[in-house]
Structure formats: structure tokens, C-alpha cells
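This is upload.txt (compact mmCIF, C-alpha atoms).
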# COMPACT_ATOMS: atom_id res chain seq x y z
CA MET A 287 217.91 86.06 77.01
CA SER A 288 217.29 89.40 75.29
CA LYS A 289 216.64 92.57 77.28
CA VAL A 290 213.16 92.80 75.70
CA LEU A 291 212.25 89.26 76.78
CA LEU A 292 213.72 89.85 80.25
CA SER A 293 211.72 93.06 80.64
CA SER A 294 208.54 91.34 79.51
CA SER A 295 209.07 88.47 81.94
CA LEU A 296 209.75 90.87 84.81
CA PHE A 297 206.59 92.80 83.95
CA LEU A 298 204.51 89.61 84.00
CA ILE A 299 205.97 88.56 87.36
CA LEU A 300 205.35 91.96 88.95
CA ASN A 301 201.86 92.09 87.49
CA PHE A 302 201.11 88.61 88.89
CA PHE A 303 202.17 89.63 92.40
CA ALA A 304 200.23 92.89 92.18
CA HIS A 305 197.12 90.98 91.10
CA SER A 306 197.65 88.41 93.87
CA GLN A 307 197.98 91.14 96.48
CA SER A 308 194.70 92.67 95.33
CA LYS A 309 192.96 89.38 96.15
CA VAL A 310 194.24 89.20 99.74
CA PHE A 311 191.38 89.66 102.21
CA THR A 312 191.91 90.80 105.78
CA PRO A 313 189.70 89.13 108.43
CA ARG A 314 187.44 91.52 110.29
CA SER A 315 188.21 92.38 113.88
CA LEU A 316 185.48 92.02 116.50
CA ASP A 317 183.23 95.00 117.17
CA PHE A 318 181.47 94.36 120.47
CA SER A 319 179.29 97.46 120.11
CA LYS A 320 177.68 96.07 116.95
CA GLN A 321 174.05 94.96 117.20
CA LEU A 322 173.60 91.39 116.03
CA ASN A 323 170.54 90.90 113.84
CA THR A 324 171.68 87.81 111.94
CA ILE A 325 174.02 85.10 113.22
CA SER A 326 175.16 82.21 111.06
CA PHE A 327 176.90 79.06 112.27
CA GLY A 328 178.06 75.61 111.22
CA SER A 329 180.65 72.85 111.54
CA CYS A 330 182.41 69.97 109.80
CA ASN A 331 184.49 71.66 107.14
CA ASP A 332 187.00 69.44 105.34
CA GLU A 333 189.63 71.79 103.96
CA GLU A 334 190.41 69.36 101.14
CA LYS A 335 186.83 69.41 99.85
CA LYS A 336 185.21 72.12 97.74
CA GLN A 337 184.41 75.25 99.75
CA SER A 338 181.24 75.99 97.80
CA ILE A 339 178.86 77.07 100.55
CA TRP A 340 180.46 80.34 101.72
CA PRO A 341 178.82 82.57 99.08
CA ASP A 342 175.44 81.11 100.10
CA ILE A 343 176.11 81.90 103.76
CA ALA A 344 177.18 85.41 102.78
CA GLN A 345 173.83 86.02 101.05
CA ASN A 346 172.26 86.16 104.53
CA LYS A 347 174.54 89.08 105.45
CA PRO A 348 175.36 87.69 108.89
CA ASP A 349 176.73 90.02 111.53
CA LEU A 350 178.59 87.09 113.12
CA TRP A 351 179.75 83.60 112.11
CA VAL A 352 180.18 80.95 114.83
CA TRP A 353 182.41 77.94 114.17
CA LEU A 354 181.08 74.93 116.10
CA GLY A 355 184.11 72.72 115.51
CA ASP A 356 185.87 70.62 112.90
CA ILE A 357 187.11 73.75 111.16
CA ILE A 358 189.73 71.53 109.54
CA TYR A 359 190.24 67.78 109.45
CA ALA A 360 193.76 67.55 110.85
CA ASP A 361 193.67 64.41 113.04
CA THR A 362 197.36 64.76 113.77
CA ASP A 363 199.88 65.43 116.52
CA ASP A 364 202.13 67.10 113.94
CA MET A 365 201.58 70.76 114.76
CA ARG A 366 203.37 71.98 111.64
CA LYS A 367 200.92 70.01 109.51
CA MET A 368 197.99 71.39 111.53
CA ALA A 369 199.26 74.94 111.11
CA ASP A 370 199.53 74.43 107.35
CA LEU A 371 195.96 73.12 107.17
CA TYR A 372 194.64 76.12 109.12
CA GLN A 373 196.57 78.46 106.83
CA GLY A 374 195.18 76.68 103.78
CA GLN A 375 191.64 77.18 105.06
CA LYS A 376 192.33 80.81 105.86
CA ASN A 377 193.70 81.34 102.35
CA ASP A 378 190.79 79.69 100.56
CA PRO A 379 189.39 82.49 98.34
CA SER A 380 185.72 81.88 99.20
CA TYR A 381 186.33 81.66 102.93
CA ALA A 382 188.79 84.56 102.94
CA LYS A 383 186.27 86.81 101.20
CA PHE A 384 183.60 85.79 103.69
CA ALA A 385 185.93 86.36 106.66
CA ALA A 386 186.66 89.88 105.43
CA GLN A 387 182.95 90.70 105.54
CA CYS A 388 181.82 88.93 108.73
CA GLN A 389 182.98 88.80 112.34
CA ILE A 390 184.04 85.30 113.36
CA VAL A 391 184.27 83.43 116.68
CA GLY A 392 184.37 79.72 117.41
CA THR A 393 185.47 76.62 119.22
CA TRP A 394 186.93 73.26 118.20
CA ASP A 395 185.72 69.68 118.03
CA ASP A 396 187.78 66.52 117.63
CA HIS A 397 189.28 66.74 114.13
CA ASP A 398 190.68 70.24 114.66
CA TYR A 399 191.63 69.30 118.23
CA GLY A 400 193.94 66.68 116.74
CA VAL A 401 192.43 63.24 117.28
CA ASN A 402 189.11 61.65 116.33
CA ASP A 403 186.74 61.63 119.35
CA GLY A 404 189.66 63.02 121.36
CA CYS A 405 189.67 63.86 125.05
CA LYS A 406 191.96 65.18 127.80
CA THR A 407 194.69 62.62 127.13
CA PHE A 408 195.83 64.24 123.83
CA PRO A 409 199.47 65.23 124.49
CA LYS A 410 199.56 68.18 122.05
CA LYS A 411 196.39 69.89 123.25
CA ASP A 412 198.12 73.09 124.38
CA GLN A 413 199.96 73.56 121.11
CA SER A 414 196.75 72.74 119.22
CA LYS A 415 194.87 75.35 121.24
CA GLU A 416 197.31 78.07 120.23
CA LEU A 417 196.83 77.23 116.56
CA LEU A 418 193.04 77.36 116.97
CA LEU A 419 193.11 80.75 118.69
CA ASN A 420 195.49 82.10 116.05
CA PHE A 421 193.23 80.91 113.25
CA LEU A 422 190.23 82.55 114.90
CA ASN A 423 192.19 85.77 115.49
CA VAL A 424 191.20 85.67 119.15
CA PRO A 425 192.31 88.97 120.72
CA LYS A 426 195.48 88.58 122.75
CA THR A 427 193.65 90.23 125.66
CA ASN A 428 191.21 87.28 125.82
CA PRO A 429 191.79 85.13 128.95
CA ALA A 430 191.69 81.99 126.79
CA TRP A 431 195.32 82.63 125.84
CA LYS A 432 196.50 82.31 129.45
CA ARG A 433 194.36 79.50 130.86
CA PRO A 434 194.07 75.80 129.96
CA GLY A 435 191.35 75.04 127.44
CA ALA A 436 189.85 76.95 124.53
CA TYR A 437 186.59 78.15 126.11
CA GLN A 438 185.64 81.79 125.49
CA SER A 439 182.76 84.24 125.80
CA TYR A 440 181.83 87.43 123.97
CA THR A 441 179.03 89.94 124.42
CA PHE A 442 177.90 92.00 121.44
CA GLY A 443 175.44 94.83 121.08
CA PRO A 444 174.22 98.00 122.76
CA GLU A 445 172.41 98.22 126.09
CA GLY A 446 169.10 96.37 125.96
CA ARG A 447 170.06 94.47 122.79
CA LYS A 448 172.98 92.37 123.93
CA VAL A 449 173.83 88.88 122.71
CA LYS A 450 176.25 86.75 124.71
CA ILE A 451 178.15 83.99 122.90
CA ILE A 452 179.45 81.26 125.25
CA LEU A 453 181.86 78.87 123.52
CA LEU A 454 182.41 75.63 125.42
CA ASP A 455 185.47 73.40 125.15
CA THR A 456 184.26 69.78 125.11
CA ARG A 457 187.70 68.27 124.40
CA TYR A 458 190.54 69.61 126.56
CA PHE A 459 189.12 68.43 129.92
CA ARG A 460 186.80 65.63 128.84
CA ASP A 461 187.14 62.20 130.44
CA GLU A 462 187.69 59.09 128.36
CA LEU A 463 185.09 56.85 126.79
CA MET A 464 185.46 53.10 126.40
CA LYS A 465 184.59 51.64 123.02
CA ASN A 466 181.67 49.24 122.89
CA GLN A 467 183.17 45.77 122.37
CA LYS A 468 179.90 44.17 121.25
CA GLY A 469 180.37 45.27 117.66
CA ASP A 470 176.92 46.78 117.26
CA GLY A 471 174.79 49.46 118.87
CA PRO A 472 176.42 52.53 120.47
CA ARG A 473 180.03 53.29 119.57
CA TYR A 474 180.93 53.85 123.24
CA GLU A 475 180.00 52.62 126.67
CA ILE A 476 178.25 55.15 128.91
CA ASN A 477 180.63 56.83 131.37
CA LYS A 478 178.25 57.33 134.27
CA VAL A 479 180.59 59.42 136.43
CA GLY A 480 182.75 61.05 133.75
CA ASP A 481 182.98 64.78 133.16
CA VAL A 482 183.03 66.93 130.03
CA LEU A 483 184.07 70.44 131.06
CA GLY A 484 186.42 70.12 134.02
CA PHE A 485 186.25 71.95 137.34
CA LYS A 486 187.59 75.35 136.22
CA GLN A 487 185.39 75.49 133.13
CA TRP A 488 182.31 74.63 135.18
CA GLN A 489 183.12 77.51 137.54
CA TRP A 490 183.63 79.84 134.61
CA LEU A 491 180.37 78.76 132.95
CA GLU A 492 178.31 79.32 136.07
CA ASN A 493 179.78 82.79 136.39
CA GLU A 494 179.09 83.57 132.72
CA LEU A 495 175.45 82.50 133.04
CA THR A 496 174.88 84.19 136.40
CA ASN A 497 176.56 87.54 135.87
CA SER A 498 175.09 88.50 132.53
CA ASP A 499 172.85 91.34 131.46
CA ALA A 500 172.46 90.04 127.91
CA GLN A 501 169.01 89.65 126.37
CA ILE A 502 170.01 86.54 124.37
CA HIS A 503 172.49 83.80 125.29
CA LEU A 504 173.95 81.30 122.81
CA LEU A 505 175.57 78.31 124.49
CA CYS A 506 177.83 76.71 121.87
CA SER A 507 178.82 73.06 122.28
CA SER A 508 180.64 71.12 119.58
CA ILE A 509 178.75 67.92 120.50
CA GLN A 510 174.99 67.62 120.98
CA VAL A 511 173.50 68.27 124.41
CA LEU A 512 169.83 67.22 124.26
CA PRO A 513 169.67 64.16 121.94
CA LYS A 514 170.27 60.88 123.77
CA GLU A 515 169.36 58.00 121.46
CA HIS A 516 171.97 58.12 118.69
CA HIS A 517 175.10 55.97 118.88
CA PHE A 518 177.84 58.57 118.53
CA GLU A 519 179.50 61.30 120.57
CA LYS A 520 177.12 63.35 122.72
CA TRP A 521 176.74 64.79 126.20
CA ALA A 522 174.45 61.85 127.01
CA ASN A 523 177.53 59.57 127.00
CA PHE A 524 178.29 61.40 130.26
CA PRO A 525 174.85 61.47 131.91
CA ALA A 526 176.04 63.06 135.16
CA ALA A 527 177.70 65.93 133.28
CA ARG A 528 174.69 66.38 131.02
CA GLN A 529 172.34 66.55 134.01
CA LYS A 530 174.69 69.00 135.71
CA LEU A 531 174.60 71.27 132.67
CA LEU A 532 170.81 71.23 132.42
CA LYS A 533 170.46 71.91 136.15
CA LEU A 534 172.90 74.80 135.87
CA ILE A 535 170.86 76.32 133.06
CA ALA A 536 167.68 75.98 135.13
CA LYS A 537 169.36 77.38 138.24
CA THR A 538 170.94 80.44 136.63
CA SER A 539 167.98 81.01 134.26
CA PRO A 540 169.73 83.28 131.75
CA ALA A 541 167.46 85.22 129.42
CA ASN A 542 166.60 83.52 126.14
CA LEU A 543 169.24 80.79 126.12
CA TYR A 544 169.63 78.62 123.02
CA ILE A 545 172.13 75.83 122.42
CA LEU A 546 174.10 75.61 119.18
CA SER A 547 175.89 72.36 118.31
CA GLY A 548 177.56 70.58 115.40
CA ASP A 549 179.54 67.35 114.82
CA ARG A 550 176.81 65.12 113.34
CA HIS A 551 177.10 65.71 109.55
CA MET A 552 173.41 66.61 109.51
CA ALA A 553 171.13 69.28 110.92
CA GLU A 554 168.15 69.21 113.25
CA ILE A 555 166.36 71.26 115.89
CA SER A 556 165.60 69.79 119.31
CA MET A 557 163.58 71.08 122.25
CA GLY A 558 163.85 69.66 125.76
CA ASP A 559 162.96 70.33 129.38
CA VAL A 560 165.75 71.47 131.71
CA GLY A 561 163.61 71.52 134.86
CA ALA A 562 161.94 74.32 136.78
CA ASN A 563 159.29 74.44 134.04
CA LYS A 564 161.88 75.64 131.54
CA SER A 565 162.48 74.33 128.04
CA ILE A 566 165.35 75.07 125.71
CA TYR A 567 166.00 74.71 122.00
CA GLU A 568 169.13 73.19 120.50
CA ILE A 569 169.97 73.91 116.89
CA THR A 570 172.45 71.48 115.35
CA SER A 571 174.16 72.43 112.09
CA SER A 572 176.82 70.20 110.63
CA GLY A 573 178.10 69.46 107.18
CA LEU A 574 179.60 72.50 105.44
CA THR A 575 181.55 70.34 102.99
CA HIS A 576 180.14 66.83 103.54
CA SER A 577 177.03 65.34 105.11
CA TRP A 578 175.51 62.01 106.07
CA SER A 579 173.58 61.83 102.81
CA LYS A 580 172.43 58.22 103.35
CA MET A 581 170.71 59.05 106.63
CA LYS A 582 166.95 58.64 106.35
CA SER A 583 165.95 58.50 109.98
CA GLU A 584 167.38 58.52 113.47
CA PRO A 585 165.55 58.50 116.81
CA ASN A 586 165.48 61.74 118.77
CA GLN A 587 162.62 62.24 121.20
CA TYR A 588 163.38 65.97 121.31
CA ARG A 589 163.40 66.67 117.56
CA VAL A 590 161.29 69.46 116.10
CA GLY A 591 160.78 69.01 112.37
CA ASP A 592 162.93 66.86 110.08
CA ILE A 593 166.54 65.73 109.80
CA ILE A 594 168.44 67.65 107.13
CA ALA A 595 171.01 65.23 105.67
CA GLN A 596 172.49 67.65 103.14
CA LEU A 597 175.20 70.28 103.19
CA ASN A 598 173.90 72.91 105.57
CA PHE A 599 174.49 75.94 107.75
CA GLY A 600 172.39 77.57 110.45
CA VAL A 601 171.02 81.10 110.62
CA LEU A 602 169.49 82.86 113.62
CA ARG A 603 167.40 85.91 112.78
CA ILE A 604 166.72 88.29 115.68
CA ASP A 605 163.78 90.70 115.68
CA TRP A 606 164.48 93.47 118.22
CA SER A 607 161.39 95.53 117.42
CA GLY A 608 159.23 94.36 120.35
CA SER A 609 159.61 94.51 124.11
CA GLU A 610 161.24 91.05 123.96
CA PRO A 611 163.51 89.81 121.17
CA LYS A 612 162.10 87.17 118.86
CA VAL A 613 164.49 84.58 117.40
CA THR A 614 163.91 82.45 114.31
CA ALA A 615 166.21 79.54 113.45
CA ASP A 616 166.76 78.54 109.83
CA ILE A 617 168.64 75.56 108.43
CA LYS A 618 169.83 76.40 104.92
CA GLY A 619 171.91 74.67 102.27
CA LEU A 620 173.48 75.10 98.85
CA GLY A 621 171.92 77.89 96.85
CA ASN A 622 170.83 79.40 100.17
CA LYS A 623 167.87 77.02 100.01
CA LEU A 624 165.71 76.98 103.16
CA HIS A 625 165.32 73.42 104.50
CA LEU A 626 163.90 74.06 107.97
CA GLU A 627 162.51 77.06 109.85
CA CYS A 628 161.53 77.32 113.49
CA GLN A 629 160.29 80.20 115.62
CA LEU A 630 162.08 79.83 118.97
CA ASP A 631 159.49 80.79 121.56

Could you show the structure in this file as C-alpha cells?
Amino acid sequence: MSKVLLSSSLFLILNFFAHSQSKVFTPRSLDFSKQLNTISFGSCNDEEKKQSIWPDIAQNKPDLWVWLGDIIYADTDDMRKMADLYQGQKNDPSYAKFAAQCQIVGTWDDHDYGVNDGCKTFPKKDQSKELLLNFLNVPKTNPAWKRPGAYQSYTFGPEGRKVKIILLDTRYFRDELMKNQKGDGPRYEINKVGDVLGFKQWQWLENELTNSDAQIHLLCSSIQVLPKEHHFEKWANFPAARQKLLKLIAKTSPANLYILSGDRHMAEISMGDVGANKSIYEITSSGLTHSWSKMKSEPNQYRVGDIIAQLNFGVLRIDWSGSEPKVTADIKGLGNKLHLECQLD
């Protein structure tokens, strides 16, 4: 090879690496002093499918993104494979650019936990948790690194305008479900005495709800809390645990609590009574890369508005101008198209 050709090849190689380095985005670190005016959220993101929705989410200029689970579709006990899938998602150009502009927190669901509809029996749950926390860049000072489970909480904003994000872990401690052997109807039998959170997480949650001076609380659960009629995973498969959660919310009565959930490959807004003359909203957003497009209807006695069976993400818009914050929930899709809007009273 001639010196001229060698020099040209070396130049091209160096230029390629320089160009590649210019495209590397660094995820933002968390700034707890930052006032949150816009929060976006979603779930069910297959890393092998086109990541086309991130620029649309970015148009809303969210101050925070909340992952509600199924960040990747790993479904494996091979932790090297799971690590590679997380890294692939982190390196996706659209997501990486978004992550450089927006603070990110989150929790897992089953596919990023490691097993479909998985529960406490998954043998690699501790190793899987470390990979999740690494992907989310959870600060090493966060207690989640030292305790079992992936549950976390964060409070953002200045005095009088605080938002508390409570991220539940509905996998690590959850009891088992038995599959329905009838072949039709619900996928699982109801576990009347089973638990979802586990003793330590229940203690932690009560403390987080009781000892809080935040003006808004977002309780994030990967699976739906309020809806009871559908045939898939939900808190209602564990009626004792669901009732315990609703009673705890009524008992502690945190200011302006809203539930965020995912998992369902569709979006909807529900409103239900938790007792003590208190009602709560649940905003479900699921289907960042794929959705249940054939769904036309599904019973939900608590639903407000329509089912959105398209690719979607959620947006909470907070108006701090009055004596009490006002929150509006939007369900949006490709092209940043608004599919559903609800003022959360």
C-alpha cells in the first residue's frame, strides 16, 4: 500500500472516530432543586423496534421522564445479554439525545425484570436490579443500591412547589399467580391472600406518604392499580394487596396524589374512590414502540374518556400560578398528536 493511500485511510478512520465522538450524548444528572412544570412518562419499549417517538416526546420539553417498566424486552436470565440490550437502548441516537436533555427516573416491569409476568421466584433478580439501576444512572447514594428491590423515591422542586416521585417495585417481592386452566377468561386465578410489595416495601411506602411536604405526589406502579375487569396482570389479581394500598392512600392522605402505570400496550385514564370521601386518578401510558392496535373496547368501570390503542406517551402539565397546583394529563402519540386530555381535579 502506498504512503499516500495509507495516509488517506488513516485520515478517514480518525475522521470517523472524531465524528462518532461528536454524536455521543451524556445523560443528564438529577437536579432536585429544579421545579417540575412538565413530566412525561411511558412504558413498553422494545429495543429492537423503531425508536421513532422520542423526538415527539421531546417537543413537550419535559423536565422529567418517568419509565414505568418494560424499558427493554430482555426476558432472559442471561445477565450479559440483558446488559447488552440496556446498552443498545442507551446508545440509540434518538433516545440518547433525549436523555441528554431530560432528567430520567424509573422502575421495571416484567420484561426488563427478566421473565414475562415474573415474580419473587426469579433467581437472577438481584443481578437484574443492578443492571436496571445502572441503566437509569441511579445515584450511588440512593438506598436502592443497598436494599432488596428496586423501589425508589425522589423529591424535586423548591419549597412550596415540590413534586415527589414514588417508584414502586411490583416484581421483586410479588407472590405467584396460578394460570387459569379453563382456557378462556382471565389469564390468572385470583390470589386472594397474595402480596405485591412485601413487608419492607410496605413500611417504606407508608413512611414516604406520611412524612412528605410535597405539593404533588406521583405513585408509579408498572401494573394497573384501579382497573379490575381486564384479564391480564393488575393489582386486582391480589385483592387484599390492592385494598391495602387504597386504604394506605386514604389513611396517609398525601397532597394531590396521582397514580401512573403502564404495561397494557394502550393508554387510558381512570378515576376511583379510595375511601374517606377521596378519589384518585390513574393515568396509564403504554406502547412506546408497539401497541394493542386491534383493541376496540375493554371494560373498565373507572375509565374517564376513551382507550388509546396507538403508540403513546403521557404528559403531566403543572400550573403553579394559583394557591393550589393544577395538573392536566395528556395522552399523546406520534407527531405529538393529542389523543386524550383530562384536568385532574

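We find atom CA of A:Glu462 and atom CA of A:Gly355 to be spaced 19.1 Å apart.
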
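Using all atoms listed in the file, the smallest distance between any of A:Met581, A:Met368, A:Leu512, A:Ala430 and A:Val401 comes from A:Met368.
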
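Of the listed residues A:Leu418, A:Leu574, A:Ala595, A:Ala615, the one whose atoms come nearest to A:Ser338 is A:Leu574, with distances taken using only C-alpha atoms.
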
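Distances to A:Lys376 were evaluated for A:Phe442, A:Trp578, A:Leu630, A:Gln337 using only C-alpha atoms, and the minimum falls at A:Gln337.
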
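Interatomic distance, atom CA of A:Ala500 against atom CA of A:Leu543: 10.0 Å.
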
### Message
One decimal, in Å: what's the spacing between atom CA of A:His397 and atom CA of A:Trp351?
### Response
19.5 Å

Give me the stretch 438-504 of chain A side of the contact with stretch 515-525 of chain A, cut-off 7 Å, one line per residue showing its nearest atom pair and distance in Å at one decimal, counting only C-alpha atoms, sorted by chain and residue number, as JSON lines.
{"residue": "A:Gly471", "atom": "CA", "partner": "A:His517", "partner_atom": "CA", "distance": 6.5}
{"residue": "A:Pro472", "atom": "CA", "partner": "A:His517", "partner_atom": "CA", "distance": 4.0}
{"residue": "A:Arg473", "atom": "CA", "partner": "A:His517", "partner_atom": "CA", "distance": 5.7}
{"residue": "A:Ile476", "atom": "CA", "partner": "A:Asn523", "partner_atom": "CA", "distance": 4.9}
{"residue": "A:Asn477", "atom": "CA", "partner": "A:Phe524", "partner_atom": "CA", "distance": 5.3}
{"residue": "A:Lys478", "atom": "CA", "partner": "A:Phe524", "partner_atom": "CA", "distance": 5.7}
{"residue": "A:Val479", "atom": "CA", "partner": "A:Phe524", "partner_atom": "CA", "distance": 6.9}
{"residue": "A:Gly480", "atom": "CA", "partner": "A:Phe524", "partner_atom": "CA", "distance": 5.7}
{"residue": "A:Asp481", "atom": "CA", "partner": "A:Phe524", "partner_atom": "CA", "distance": 6.5}

### Residues within 9 Å of A:Met365, all atoms listed in the file, excluding chain neighbours under 5 positions, as a ChimeraX atom specification
/A:370,400,410,413-414,417

### Among the residues A:Gln345, A:Gln629, A:Gln596, A:Asn542, the one that comes closest to A:Arg447 [using only C-alpha atoms]
A:Asn542

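Compared by their closest atoms to A:Lys336, and using all atoms listed in the file, the residues A:Lys320, A:Lys406, A:Lys465, A:His576 rank with A:His576 nearest.
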
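By chain and then residue number, the residues within 10 Å of A:Phe318 are Ser315, Gln321, Leu322, Gln389, Tyr440, Thr441, Phe442, Gly443, Pro444, Lys448 and Val449 of chain A, counting all atoms listed in the file and disregarding those fewer than 3 positions away in sequence.
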
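In terms of minimum interatomic distance to A:His625, A:Asn598 ranks closest within A:Asn598, A:Asn466, A:Gln587, A:Ser508, counting only C-alpha atoms.
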
### Query
Which protein, DNA or RNA residues are at most 12 Å from (195.1, 75.3, 132.4) in the file's coordinates when you count only C-alpha atoms, listed as a ChimeraX atom specification?
/A:406,411-412,415,429-437,458-459,484-487

Once 4 Å is added on each side, what are the centre and the three edge lengths, in Å to one decimal, of the axis-aligned box enclosing the listed atoms of stretch 377-381 of chain A? Present them as AutoDock Vina command-line options.
--center_x 189.7 --center_y 81.1 --center_z 100.6 --size_x 16.0 --size_y 10.8 --size_z 12.6

Can I get the residues of stretch 311-394 of chain A within 9 Å of stretch 569-573 of chain A, each with the closest pair of atoms and their distance in Å to one decimal, using all atoms listed in the file, sorted chain first then ascending number, as CSV?
residue,atom,partner,partner_atom,distance
A:Phe327,CA,A:Ser571,CA,7.2
A:Gly328,CA,A:Ser571,CA,5.1
A:Ser329,CA,A:Ser572,CA,4.7
A:Cys330,CA,A:Gly573,CA,5.1
A:Asn331,CA,A:Gly573,CA,6.8
A:Leu354,CA,A:Ser571,CA,8.4

### Task
Compile the contact shell of A:Cys388 as a PyMOL selection string: residues with an atom at most 7 Å away, counting all atoms listed in the file, same-chain residues fewer than 3 positions apart removed.
chain A and resi 314+348-351+384-385

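Excluding stretch 531-540 of chain A itself and any same-chain residue fewer than 6 positions from it, the protein and nucleic acid residues within 8 Å of it, counting all atoms listed in the file, are Glu492, Leu495, Thr496, Ser498, His503, Val560, Gly561, Ala562 and Lys564 of chain A.
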
Write to file, as a short mmCIF file (atom, residue, chain, number, x, y, z; two decimals), keeping the file's coordinate frame, the residues of the selection just made, with C-alpha atoms.
data_model
loop_
_atom_site.label_atom_id
_atom_site.label_comp_id
_atom_site.auth_asym_id
_atom_site.auth_seq_id
_atom_site.Cartn_x
_atom_site.Cartn_y
_atom_site.Cartn_z
CA GLU A 492 178.31 79.32 136.07
CA LEU A 495 175.45 82.50 133.04
CA THR A 496 174.88 84.19 136.40
CA SER A 498 175.09 88.50 132.53
CA HIS A 503 172.49 83.80 125.29
CA VAL A 560 165.75 71.47 131.71
CA GLY A 561 163.61 71.52 134.86
CA ALA A 562 161.94 74.32 136.78
CA LYS A 564 161.88 75.64 131.54
#

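Non-sequential neighbours of A:Tyr381 (distance at most 12 Å, separation of 6 or more positions within a chain, all atoms listed in the file) are Val310, Phe311, Thr312, Pro313, Asn331, Glu333, Lys336, Gln337, Ser338, Ile339, Trp340, Pro341, Asp342, Ile343, Ala344, Trp351, Ile357, Tyr372, Gln373, Gly374, Gln375, Gln387, Cys388, Ile390 and Leu574 of chain A.
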